[in-house]
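Taking it in order: structure first as structure tokens, then the write-up.
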Amino acid sequence: MTVSPELAERYAAVTAGIAEACARAGRSSDEVTLVVVTKFHPAALVRDLVELGVRHVGENRHQDAAPKAAELAGLPLTWHFVGQLQSNKAKAVARYADVVHSVDRASLVDALAAADRPVDVFLEVNLTDDAGRGGAAPGQIEGLAEAVLATERLRLRGVMAVAPLGEDARAAFARLRATGDRLRAIAPEATDMSAGMSGDYAQAIAEGATHLRIGTAITGKRPAPQ
Ligand SMILES: *Cc1c(COP(=O)(O)O)cnc(C)c1O
């Protein structure tokens, strides 16, 4: 089976864009992990990505991710969960997800800590003024970090955010970076920053992102959710 030339081209264009943004920021591309967000795409696309060299994939809905992860269990992949997560699904998500990027409240920390596998976590920060958006307010991050540090099985990796619409992404990521700096006052090992999507990954790299979550720029248009 061969990978479609369009997919291979988009993947090559994004990896070149990442290398260029890293060079401009004076960073090594080894510092940056590319998580390809494959939500709504079939397992076959993930297989093609693995063929191209992708080793990290991201999903945002448990009901789509679980069967895909099961079908692809033999592949050398790290699964990242990047979407809003209900506490009652945390245990099931932890069966396949190695990393959860969207931890934004203490009840979710508790639910993940009770799962059967250890999980790496990012604390999601809400960079907007709208409390209804995903993520914890920046002022809640230290409290959440303490909750994670008090668990035995959760490893705190750092902070995560989605840039708000209608604002310069770089300015938003600078606020995320500052929140990460505050986090490290109590958790020095939490050095990672999950930021940057198809439209703003260069700005995220400029502000120090270590984990990019890139979907459509690589996968092409997403199919409608089922
Ligand atoms: C879908 C999604 C992405 C990828 O978005 P693209 O614009 O397709 O790159 C990144 N992060 C999260 C949390 C997402 O839900």
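Residues in the structure tokens are named by chain (A, B, ... in the order shown) and by number from 1 within that chain; ligands are numbered from 1 in the order shown.
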
May I have a table of the residues of chain A lying at most 7 Å from ligand 1, giving each one's closest pair of atoms and their distance in Å to one decimal, counting only C-alpha atoms and all ligand atoms, ordered by chain and ascending residue number, as a tab-separated table?
residue	atom	partner	partner_atom_place_in_ligand_line	distance
A:Val37	CA	ligand 1	4 (C)	5.4
A:Lys39	CA	ligand 1	1 (C)	6.8
A:Asn60	CA	ligand 1	15 (O)	5.7
A:Val82	CA	ligand 1	13 (C)	4.8
A:Gly83	CA	ligand 1	13 (C)	5.2
A:Val162	CA	ligand 1	13 (C)	6.5
A:Met197	CA	ligand 1	9 (O)	4.1
A:Ser198	CA	ligand 1	9 (O)	3.6
A:Gly199	CA	ligand 1	7 (O)	6.2
A:Arg213	CA	ligand 1	10 (C)	4.6
A:Ile214	CA	ligand 1	9 (O)	3.8
A:Gly215	CA	ligand 1	8 (O)	3.4
A:Thr216	CA	ligand 1	8 (O)	3.9
A:Ala217	CA	ligand 1	9 (O)	6.0

Include N, CA and C atoms and write out the residues we just selected as a compact mmCIF listing (two decimals), in the first residue's frame.
# COMPACT_ATOMS: atom_id res chain seq x y z
N VAL A 37 -2.82 15.59 14.75
CA VAL A 37 -4.19 15.40 15.24
C VAL A 37 -5.02 14.74 14.14
N LYS A 39 -8.17 13.38 14.51
CA LYS A 39 -9.59 13.24 14.87
C LYS A 39 -10.47 13.18 13.62
N ASN A 60 -9.43 13.84 19.94
CA ASN A 60 -10.15 14.67 20.90
C ASN A 60 -11.50 14.12 21.33
N VAL A 82 -6.34 15.26 23.33
CA VAL A 82 -6.23 16.72 23.34
C VAL A 82 -7.56 17.43 23.55
N GLY A 83 -8.65 16.69 23.65
CA GLY A 83 -9.97 17.32 23.71
C GLY A 83 -10.52 17.41 25.12
N VAL A 162 -5.00 26.59 23.53
CA VAL A 162 -5.41 26.90 22.17
C VAL A 162 -5.43 28.43 22.09
N MET A 197 -1.15 25.06 16.37
CA MET A 197 -1.98 24.21 15.51
C MET A 197 -1.62 24.54 14.07
N SER A 198 -2.43 24.11 13.12
CA SER A 198 -2.07 24.30 11.71
C SER A 198 -1.77 25.76 11.37
N GLY A 199 -2.56 26.69 11.93
CA GLY A 199 -2.43 28.08 11.51
C GLY A 199 -1.45 28.91 12.32
N ARG A 213 0.36 20.58 18.09
CA ARG A 213 -0.80 19.72 17.79
C ARG A 213 -1.34 20.13 16.43
N ILE A 214 -0.91 19.45 15.40
CA ILE A 214 -1.24 19.90 14.04
C ILE A 214 -2.13 18.88 13.34
N GLY A 215 -3.28 19.36 12.87
CA GLY A 215 -4.23 18.50 12.18
C GLY A 215 -4.25 18.79 10.69
N THR A 216 -5.20 19.63 10.28
CA THR A 216 -5.53 19.80 8.85
C THR A 216 -4.35 20.15 7.94
N ALA A 217 -3.37 20.88 8.42
CA ALA A 217 -2.24 21.23 7.55
C ALA A 217 -1.55 19.96 7.04

>> So that I can check the surroundings of range 116-126 of chain A, please list as a list of chain:residue names every protein, DNA and RNA residue that reaches within 6 Å of it, counting only C-alpha atoms and ignoring chain neighbours fewer than 3 positions away.
In response: A:Asp98, A:Val99, A:Val100, A:His101, A:Ser102, A:Val103, A:Asp104, A:Gly135, A:Ala136, A:Ala137, A:Pro138, A:Arg153, A:Leu154, A:Arg155, A:Leu156, A:Arg157, A:Gly158, A:Val159, A:Met160, A:Ala161

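When only C-alpha atoms are used to measure the gap to Ala171 in chain A, the shortest distance among A:Gly143, A:Tyr96, A:Gly196, A:Gln203 belongs to A:Gln203.
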
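Counting only C-alpha atoms, the residue from A:Gly166, A:Gly180, A:Gly74, A:Pro5 that sits nearest to Gly139 in chain A is A:Gly180.
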
>> Need to verify the contact set: range 8-17 of chain A, 12 Å, only C-alpha atoms, exclusion of same-chain residues closer than 3 positions in sequence. Can you return it as number ranges by chain?
In response: A: 2-5, 20-24, 29-30, 32-36, 45, 48-54, 197-203, 205, 212-221

Just C-alpha atoms for this one: save the residues we selected as a PDB file, in the first residue's frame.
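Written out: out.pdb:
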ATOM      1  CA  THR A   2       1.350   3.415  -0.855  1.00  0.00           C
ATOM      2  CA  VAL A   3       0.790   6.694   0.914  1.00  0.00           C
ATOM      3  CA  SER A   4      -1.014   9.345  -1.131  1.00  0.00           C
ATOM      4  CA  PRO A   5       1.405  11.890  -2.632  1.00  0.00           C
ATOM      5  CA  GLU A  20      12.367  26.821   9.534  1.00  0.00           C
ATOM      6  CA  ALA A  21      10.496  28.254  12.535  1.00  0.00           C
ATOM      7  CA  CYS A  22      12.923  26.489  14.901  1.00  0.00           C
ATOM      8  CA  ALA A  23      15.911  27.904  13.008  1.00  0.00           C
ATOM      9  CA  ARG A  24      14.427  31.410  13.179  1.00  0.00           C
ATOM     10  CA  SER A  29      13.886  20.894  16.007  1.00  0.00           C
ATOM     11  CA  ASP A  30      14.756  18.032  18.372  1.00  0.00           C
ATOM     12  CA  VAL A  32       9.803  19.981  19.364  1.00  0.00           C
ATOM     13  CA  THR A  33       7.433  16.992  19.237  1.00  0.00           C
ATOM     14  CA  LEU A  34       4.933  16.939  16.389  1.00  0.00           C
ATOM     15  CA  VAL A  35       1.603  15.455  17.435  1.00  0.00           C
ATOM     16  CA  VAL A  36      -0.526  14.918  14.339  1.00  0.00           C
ATOM     17  CA  LEU A  45      -4.816   7.555   7.586  1.00  0.00           C
ATOM     18  CA  ASP A  48      -0.109   6.161   6.359  1.00  0.00           C
ATOM     19  CA  LEU A  49       1.233   8.734   8.805  1.00  0.00           C
ATOM     20  CA  VAL A  50       3.238   6.048  10.582  1.00  0.00           C
ATOM     21  CA  GLU A  51       4.678   5.063   7.212  1.00  0.00           C
ATOM     22  CA  LEU A  52       5.772   8.687   6.759  1.00  0.00           C
ATOM     23  CA  GLY A  53       7.535   8.639  10.120  1.00  0.00           C
ATOM     24  CA  VAL A  54       4.886  10.058  12.475  1.00  0.00           C
ATOM     25  CA  MET A 197      -1.976  24.208  15.512  1.00  0.00           C
ATOM     26  CA  SER A 198      -2.075  24.301  11.709  1.00  0.00           C
ATOM     27  CA  GLY A 199      -2.433  28.079  11.514  1.00  0.00           C
ATOM     28  CA  ASP A 200      -0.151  29.230  14.316  1.00  0.00           C
ATOM     29  CA  TYR A 201       2.584  26.685  14.945  1.00  0.00           C
ATOM     30  CA  ALA A 202       5.384  29.051  13.912  1.00  0.00           C
ATOM     31  CA  GLN A 203       4.267  31.593  16.553  1.00  0.00           C
ATOM     32  CA  ILE A 205       7.622  27.676  18.303  1.00  0.00           C
ATOM     33  CA  LEU A 212       2.709  21.054  18.438  1.00  0.00           C
ATOM     34  CA  ARG A 213      -0.797  19.719  17.792  1.00  0.00           C
ATOM     35  CA  ILE A 214      -1.236  19.901  14.039  1.00  0.00           C
ATOM     36  CA  GLY A 215      -4.229  18.501  12.176  1.00  0.00           C
ATOM     37  CA  THR A 216      -5.527  19.800   8.853  1.00  0.00           C
ATOM     38  CA  ALA A 217      -2.242  21.231   7.547  1.00  0.00           C
ATOM     39  CA  ILE A 218      -1.081  17.592   7.379  1.00  0.00           C
ATOM     40  CA  THR A 219      -4.219  15.470   7.141  1.00  0.00           C
ATOM     41  CA  GLY A 220      -6.182  17.722   4.813  1.00  0.00           C
ATOM     42  CA  LYS A 221      -9.804  18.578   5.446  1.00  0.00           C
TER      43      LYS A 221
END

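Across the model, the gap from CA of Leu77 in chain A to CA of Thr179 in chain A is 29.4 Å.
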
From range 19-208 of chain A, collect each residue whose DSSP state is alpha helix (DSSP H) and return the set as a compact mmCIF listing (two decimals) with N, CA and C atoms, in the first residue's frame.
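The result, stored in result.txt:
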# COMPACT_ATOMS: atom_id res chain seq x y z
N ALA A 19 10.97 23.12 10.91
CA ALA A 19 12.44 23.29 10.93
C ALA A 19 12.80 24.76 10.72
N GLU A 20 12.08 25.42 9.82
CA GLU A 20 12.37 26.82 9.53
C GLU A 20 12.04 27.70 10.75
N ALA A 21 10.89 27.45 11.36
CA ALA A 21 10.50 28.25 12.53
C ALA A 21 11.48 28.02 13.68
N CYS A 22 11.94 26.78 13.85
CA CYS A 22 12.92 26.49 14.90
C CYS A 22 14.22 27.24 14.61
N ALA A 23 14.66 27.23 13.37
CA ALA A 23 15.91 27.90 13.01
C ALA A 23 15.78 29.40 13.30
N ARG A 24 14.63 29.98 12.94
CA ARG A 24 14.43 31.41 13.18
C ARG A 24 14.44 31.73 14.67
N ALA A 43 -8.63 4.96 10.68
CA ALA A 43 -7.37 4.34 11.10
C ALA A 43 -6.38 4.24 9.93
N ALA A 44 -6.90 4.08 8.70
CA ALA A 44 -6.01 3.95 7.54
C ALA A 44 -5.11 5.17 7.40
N LEU A 45 -5.63 6.34 7.70
CA LEU A 45 -4.82 7.55 7.59
C LEU A 45 -3.69 7.53 8.62
N VAL A 46 -4.00 7.02 9.80
CA VAL A 46 -2.96 6.94 10.83
C VAL A 46 -1.86 5.98 10.38
N ARG A 47 -2.25 4.88 9.76
CA ARG A 47 -1.24 3.94 9.23
C ARG A 47 -0.32 4.63 8.22
N ASP A 48 -0.91 5.44 7.35
CA ASP A 48 -0.11 6.16 6.36
C ASP A 48 0.85 7.13 7.04
N LEU A 49 0.37 7.78 8.09
CA LEU A 49 1.23 8.73 8.81
C LEU A 49 2.41 8.00 9.44
N VAL A 50 2.15 6.83 9.98
CA VAL A 50 3.24 6.05 10.58
C VAL A 50 4.28 5.71 9.52
N GLU A 51 3.79 5.35 8.34
CA GLU A 51 4.68 5.06 7.21
C GLU A 51 5.57 6.27 6.88
N LEU A 52 5.01 7.46 7.04
CA LEU A 52 5.77 8.69 6.76
C LEU A 52 6.73 9.06 7.89
N HIS A 62 -13.29 10.53 22.81
CA HIS A 62 -13.03 9.17 23.25
C HIS A 62 -13.72 8.14 22.35
N GLN A 63 -14.96 8.40 21.97
CA GLN A 63 -15.68 7.37 21.22
C GLN A 63 -15.06 7.12 19.84
N ASP A 64 -14.35 8.10 19.28
CA ASP A 64 -13.64 7.88 18.01
C ASP A 64 -12.26 7.29 18.26
N ALA A 65 -11.63 7.77 19.31
CA ALA A 65 -10.23 7.41 19.54
C ALA A 65 -10.08 5.95 20.00
N ALA A 66 -10.99 5.49 20.85
CA ALA A 66 -10.81 4.17 21.46
C ALA A 66 -10.74 3.05 20.41
N PRO A 67 -11.69 2.98 19.47
CA PRO A 67 -11.59 1.90 18.48
C PRO A 67 -10.37 2.04 17.57
N LYS A 68 -10.00 3.27 17.26
CA LYS A 68 -8.82 3.48 16.40
C LYS A 68 -7.56 3.00 17.11
N ALA A 69 -7.42 3.39 18.37
CA ALA A 69 -6.23 2.99 19.13
C ALA A 69 -6.19 1.47 19.26
N ALA A 70 -7.36 0.84 19.42
CA ALA A 70 -7.39 -0.62 19.56
C ALA A 70 -6.97 -1.27 18.24
N GLU A 71 -7.49 -0.74 17.14
CA GLU A 71 -7.17 -1.32 15.84
C GLU A 71 -5.68 -1.17 15.51
N ALA A 90 -12.38 9.27 31.96
CA ALA A 90 -10.93 9.39 32.14
C ALA A 90 -10.24 8.03 32.21
N LYS A 91 -10.85 7.12 32.93
CA LYS A 91 -10.25 5.81 33.12
C LYS A 91 -10.13 5.07 31.79
N ALA A 92 -11.18 5.17 30.99
CA ALA A 92 -11.17 4.50 29.68
C ALA A 92 -10.15 5.15 28.74
N VAL A 93 -10.04 6.45 28.78
CA VAL A 93 -9.07 7.15 27.93
C VAL A 93 -7.64 6.75 28.32
N ALA A 106 -9.74 19.80 39.13
CA ALA A 106 -9.27 18.83 40.11
C ALA A 106 -9.98 17.49 39.98
N SER A 107 -11.28 17.51 39.61
CA SER A 107 -11.99 16.23 39.52
C SER A 107 -11.39 15.34 38.42
N LEU A 108 -10.89 15.97 37.37
CA LEU A 108 -10.26 15.20 36.30
C LEU A 108 -8.90 14.66 36.74
N VAL A 109 -8.19 15.44 37.51
CA VAL A 109 -6.92 14.96 38.08
C VAL A 109 -7.18 13.69 38.89
N ASP A 110 -8.20 13.74 39.75
CA ASP A 110 -8.52 12.59 40.59
C ASP A 110 -8.90 11.38 39.75
N ALA A 111 -9.71 11.61 38.72
CA ALA A 111 -10.17 10.49 37.89
C ALA A 111 -9.00 9.86 37.13
N LEU A 112 -8.10 10.68 36.61
CA LEU A 112 -6.95 10.13 35.89
C LEU A 112 -6.00 9.42 36.84
N ALA A 113 -5.86 9.95 38.04
CA ALA A 113 -4.96 9.33 39.03
C ALA A 113 -5.44 7.95 39.43
N ILE A 141 -3.80 27.55 38.01
CA ILE A 141 -2.82 26.55 37.57
C ILE A 141 -1.97 26.00 38.73
N GLU A 142 -1.56 26.86 39.64
CA GLU A 142 -0.74 26.35 40.75
C GLU A 142 -1.51 25.33 41.60
N GLY A 143 -2.79 25.63 41.87
CA GLY A 143 -3.59 24.71 42.66
C GLY A 143 -3.75 23.36 41.97
N LEU A 144 -3.98 23.43 40.66
CA LEU A 144 -4.12 22.18 39.89
C LEU A 144 -2.81 21.41 39.88
N ALA A 145 -1.71 22.14 39.74
CA ALA A 145 -0.39 21.49 39.71
C ALA A 145 -0.16 20.77 41.03
N GLU A 146 -0.54 21.41 42.12
CA GLU A 146 -0.35 20.75 43.42
C GLU A 146 -1.16 19.47 43.51
N ALA A 147 -2.36 19.50 42.94
CA ALA A 147 -3.19 18.29 42.93
C ALA A 147 -2.49 17.18 42.13
N VAL A 148 -1.91 17.54 40.99
CA VAL A 148 -1.21 16.52 40.18
C VAL A 148 0.01 16.00 40.93
N LEU A 149 0.77 16.91 41.53
CA LEU A 149 2.00 16.50 42.23
C LEU A 149 1.70 15.60 43.42
N ALA A 169 -1.73 35.40 17.85
CA ALA A 169 -1.42 34.13 18.50
C ALA A 169 -0.14 34.22 19.32
N ARG A 170 0.82 34.97 18.80
CA ARG A 170 2.10 35.03 19.52
C ARG A 170 1.93 35.68 20.90
N ALA A 171 1.10 36.73 20.96
CA ALA A 171 0.87 37.40 22.25
C ALA A 171 0.18 36.42 23.22
N ALA A 172 -0.75 35.65 22.70
CA ALA A 172 -1.45 34.68 23.55
C ALA A 172 -0.46 33.61 24.04
N PHE A 173 0.39 33.13 23.16
CA PHE A 173 1.35 32.10 23.56
C PHE A 173 2.39 32.65 24.54
N ALA A 174 2.65 33.95 24.45
CA ALA A 174 3.57 34.55 25.43
C ALA A 174 2.94 34.48 26.83
N ARG A 175 1.61 34.67 26.91
CA ARG A 175 0.95 34.54 28.22
C ARG A 175 1.00 33.10 28.71
N LEU A 176 0.86 32.16 27.77
CA LEU A 176 0.96 30.74 28.16
C LEU A 176 2.36 30.44 28.69
N ARG A 177 3.34 30.98 28.00
CA ARG A 177 4.72 30.75 28.43
C ARG A 177 4.94 31.30 29.84
N ALA A 178 4.38 32.48 30.12
CA ALA A 178 4.52 33.08 31.46
C ALA A 178 3.84 32.20 32.51
N THR A 179 2.70 31.61 32.14
CA THR A 179 2.02 30.70 33.07
C THR A 179 2.90 29.48 33.32
N GLY A 180 3.55 29.00 32.29
CA GLY A 180 4.47 27.87 32.43
C GLY A 180 5.64 28.22 33.35
N ASP A 181 6.13 29.43 33.23
CA ASP A 181 7.23 29.88 34.11
C ASP A 181 6.77 29.85 35.57
N ARG A 182 5.54 30.30 35.81
CA ARG A 182 5.00 30.29 37.18
C ARG A 182 4.84 28.86 37.69
N LEU A 183 4.38 28.00 36.80
CA LEU A 183 4.21 26.59 37.16
C LEU A 183 5.54 25.99 37.63
N ARG A 184 6.60 26.35 36.93
CA ARG A 184 7.91 25.74 37.26
C ARG A 184 8.47 26.19 38.60
N ALA A 185 7.89 27.25 39.16
CA ALA A 185 8.32 27.63 40.51
C ALA A 185 7.95 26.53 41.50
N ILE A 186 6.86 25.79 41.22
CA ILE A 186 6.49 24.70 42.14
C ILE A 186 6.76 23.32 41.54
N TYR A 201 1.49 27.42 14.30
CA TYR A 201 2.58 26.68 14.95
C TYR A 201 3.91 27.44 14.94
N ALA A 202 4.12 28.30 13.94
CA ALA A 202 5.38 29.05 13.91
C ALA A 202 5.44 30.02 15.10
N GLN A 203 4.31 30.68 15.40
CA GLN A 203 4.27 31.59 16.55
C GLN A 203 4.47 30.81 17.85
N ALA A 204 3.91 29.61 17.92
CA ALA A 204 4.08 28.79 19.12
C ALA A 204 5.55 28.40 19.30
N ILE A 205 6.19 28.03 18.22
CA ILE A 205 7.62 27.68 18.30
C ILE A 205 8.42 28.88 18.77
N ALA A 206 8.07 30.07 18.27
CA ALA A 206 8.79 31.28 18.67
C ALA A 206 8.65 31.54 20.17

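Atom pair CA of Ala195 in chain A / CA of Trp79 in chain A has a distance of 16.6 Å (rounded to one decimal).
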
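Of the listed residues A:Thr38, A:Ser194, A:Gln84, A:Ser28, the one whose atoms come nearest to Gly134 in chain A is A:Gln84, with distances taken using only C-alpha atoms.
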
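Counting only C-alpha atoms and comparing A:Pro225, A:His211, A:Ala131, A:Leu75, the residue that lies closest to Gly58 in chain A is A:His211.
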
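Going from CA of Gly208 in chain A to CA of Arg27 in chain A covers 8.6 Å.
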
> Running DSSP on the backbone, which parts of range 65-185 of chain A land in strand (DSSP E or B), as a VMD selection string?
Replying inline: chain A and resid 78 to 81 99 to 103 119 to 125 136 154 to 160

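Of the residues listed (A:Arg55, A:Thr210, A:Ala94, A:Pro42), A:Arg55 shows the shortest atom-to-atom separation from Thr78 in chain A; distances use only C-alpha atoms.
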